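**Student:** Have a look at this one before I ask anything.
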Amino acid sequence: MSASIRAFAPIFVGFLLASSPWALSAEEHTSAAWPSFQNGGQCLIPGDSLPQKWSATENIAWKAEIEGYGQSTPIVTGDQIIVTSTSGPNKENYHLAAFQLGTGEKLWQKDFKNPSPIENTSYVSRAAPSPIADGSGYIVYYEGGIVVAVEQDGKIRWERNLVEEYGPISSRHGLSSSLEQTDDHVYVWVERSEEPYLAALNKKDGTTAWKVPGLGSTAWSSPRLIPVGDQLQLVCSSSGKIAGFDPKTGDRRWDFDQIANNTTCTPMPLGDGKFLIGASDGRGEAAATTDGTSNGVIQISKQDDGSYTADFAWQAAKAKSSFGSPIAADGKAWFVNRSGVLFGVDLATGEQTSSARLATGGMWATPIQQGNVLYIFGSKGTTELIDATSGKSIGENALWVNEEEPEPAEGGRRGEGGASSGEIVYAAVPVGSCLLIRTGNTLYAIQEDTTK
């Protein structure tokens with residue numbers, strides 16, 4: 001490419017973006033940010049610009065193919081979308097790709113070898129942990145034991161092989177815990193079958209700041225920083241157990257075991273030491289003394305002697321979750337169970353305010369809310385819009401039409417148990433007036449055509 005063409009190319013691309021009916025504004029490009037899984041638990045989106053109507057042929061700004069298959073959430077900073085995936089008969093290859101926000105063009109891709117090959121089937125996690133973004137670039141974790149930090153152009157800053165250092169990783173159905181971060185550290189939770197651990201890595205060079213034992217029970221949820229007074233605690237939730245850690249030292253602050261079936265939902269911060277927790281119907285598990293369901297709000301409290309305890313502030317009478325975490329927005333908590341029933345619950349009291357069976361069926365992706373509209377992203381490609389005041393449906397949008405598939409057995413995964421090979425919606429990310437929806441091998445950008 002000649003110097004004159006290289007100089008002209010950015011202007012030409014800028015012209016295309018500006019003239020496109022789906023282009024993000026310059027302000028939206030500059031401020032676009034979704035730096036981690038579930039945006040750190042902040043799922044109430046300011047503004048009123050997200051699309052409310054789309055289909056397989058309407059308001060699709062672009063589609064991008066993702067090499068291999070992945071279940072992680074895309075992250076967004078500036079004009080880049082970062083996506084992870086895996087490929088090969090035994091998940092031999094891990095991929096990290098950057099796509100241009102306005103056009104879906106692939107900007108770069110980095111490939112890594114999996115140190116823990118395992119048959120690539122629907123029974124195990126496939127690039128399930130979501131990465132993080134910070135001012136230096138991106139940090140990525142793959143369930144096979146690789147942690148990599150790259151700059152925004154894909155240049156590798158450091159790389160860790162946790163298998164070489166801390167031993168093999170094996171777990172029922174694989175690992176899916178996403179990364180959490182503070183300014184200095186990135187937190188990696190390896191809740192493997194033997195000698196599970198939680199570790200803090202220095203973001204600058206990848207060295208281990210601390211490493212402590214994990215919880216010792218099944219988990220596909222992610223660690224989450226919860227504000228408690230003027231400090232933060234790192235909270236991890238696994239089947240029948242929740243624990244809080246000091247993010248600076250790894251010291252275990254408290255344990256809570258009056259809960260069951262909390263294997264997949266990630267704690268959602270509410271402030272003042274409280275967090276929302278979700279749990280499924282399970283396989284007959286029951287916590288020893290807890291009443292009601294294991295869905296509700298847990299309060300972390302500091303005792304007079306300086307220690308901490310945790311207990312339910314309230315438990316929902318009927319609301320249950322499935323693979324997708326519940327969210328809190330505008331004074332309400334929202335839960336979707338495995339059958340696709342949406343429960344609205346008063347966030348202060350736990351009193352149920354609404355319930356409705358959704359056309360979406362069950363979900364994997366975390367819901368989001370903007371204004372008075374709640375978005376429920378069904379795993380089968382249908383998104384239902386809910387009036388957050390009444391809890392009633394106000395619209396449905398389908399990216400594709402799936403043949404009817406049976407409900408999975410509890411502990412199984414819809415479309416992932418070998419019975420169905422249809423596309424599955426794993427994540428949805430709002431970016432200005434655009435909505436990104438990720439399936440195993442496709443990234444969709446949805447935005448209303450402003451020229452009509």
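Here's how to read the names in the structure tokens: chain A, B, ... by the order shown, residue numbers from 1 in each chain, ligand numbers from 1 in the order shown.
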Dump as CSV the rows for residues of stretch 273-384 of chain A within 8 Å of stretch 45-68 of chain A: closest atom pair and distance in Å with one decimal, only C-alpha atoms counted, ordered by chain and rising residue number.
**Tutor:**
```
residue,atom,partner,partner_atom,distance
A:Ile368,CA,A:Ile45,CA,7.1
A:Gln369,CA,A:Ile45,CA,6.0
A:Gln370,CA,A:Ile45,CA,4.8
A:Gly371,CA,A:Asp48,CA,6.0
```
**Student:** Which neighbours of A:Lys211 fall inside 12 Å, counting only C-alpha atoms, when residues of the same chain fewer than 3 positions from it are skipped, and could you give them as a PyMOL selection string?
**Tutor:** chain A and resi 162+165-166+186-190+195-202+207-208+214+245-252
**Student:** Excluding stretch 32-42 of chain A and its own-chain neighbours fewer than 4 positions away, which residues fall within 8 Å of it when counting only C-alpha atoms? Please give them as a list in words.
**Tutor:**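 Residues near the query, excluding close chain neighbours: Glu28, Thr73, Ile75, Val76, Thr77, Gly78, Asp79, Ser130, Pro131, Ile132, Ala133, Asp134, Ser178, Leu179, Glu180, Arg224, Leu225, Pro267, Met268, Pro269, Ile327, Thr366, Val429, Pro430, Val431 and Gly432 of chain A.
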**Student:** Counting only C-alpha atoms, figure out which residue out of A:Leu436, A:Ile386, A:Ile259, A:Leu347 gets nearest to A:Gly104.
**Tutor:** A:Leu436
**Student:** I want to know what sits within 8 Å of A:Gln100, based on only C-alpha atoms, with residues of the same chain fewer than 4 positions away left out; could you give that as a PDB file with N, CA and C atoms, in the first residue's frame?
**Tutor:**
```
ATOM      1  N   ASP A  79     -12.767   1.351  20.322  1.00  0.00           N
ATOM      2  CA  ASP A  79     -13.366   0.825  19.094  1.00  0.00           C
ATOM      3  C   ASP A  79     -13.049  -0.651  18.885  1.00  0.00           C
ATOM      4  N   GLN A  80     -12.659  -1.382  19.953  1.00  0.00           N
ATOM      5  CA  GLN A  80     -12.309  -2.786  19.806  1.00  0.00           C
ATOM      6  C   GLN A  80     -13.207  -3.691  20.637  1.00  0.00           C
ATOM      7  N   ILE A  81     -13.595  -4.807  20.027  1.00  0.00           N
ATOM      8  CA  ILE A  81     -14.305  -5.890  20.713  1.00  0.00           C
ATOM      9  C   ILE A  81     -13.328  -7.050  20.820  1.00  0.00           C
ATOM     10  N   GLY A 104     -17.199  -4.601  12.363  1.00  0.00           N
ATOM     11  CA  GLY A 104     -17.058  -6.034  12.561  1.00  0.00           C
ATOM     12  C   GLY A 104     -15.818  -6.617  11.910  1.00  0.00           C
ATOM     13  N   GLU A 105     -14.981  -5.779  11.314  1.00  0.00           N
ATOM     14  CA  GLU A 105     -13.742  -6.261  10.687  1.00  0.00           C
ATOM     15  C   GLU A 105     -12.809  -6.835  11.754  1.00  0.00           C
ATOM     16  N   LYS A 106     -12.210  -7.989  11.459  1.00  0.00           N
ATOM     17  CA  LYS A 106     -11.230  -8.557  12.377  1.00  0.00           C
ATOM     18  C   LYS A 106      -9.931  -7.775  12.249  1.00  0.00           C
ATOM     19  N   LEU A 107      -9.457  -7.239  13.361  1.00  0.00           N
ATOM     20  CA  LEU A 107      -8.261  -6.408  13.363  1.00  0.00           C
ATOM     21  C   LEU A 107      -6.995  -7.230  13.582  1.00  0.00           C
TER      22      LEU A 107
END
```
**Student:** Based on the backbone DSSP call, show me all residues of stretch 128-258 of chain A assigned alpha helix (DSSP H), as a list in words.
**Tutor:**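 Everything in stretch 128-258 of chain A that counts as alpha helix (DSSP H) is Leu162, Val163, Glu164, Glu165 and Tyr166 of chain A.
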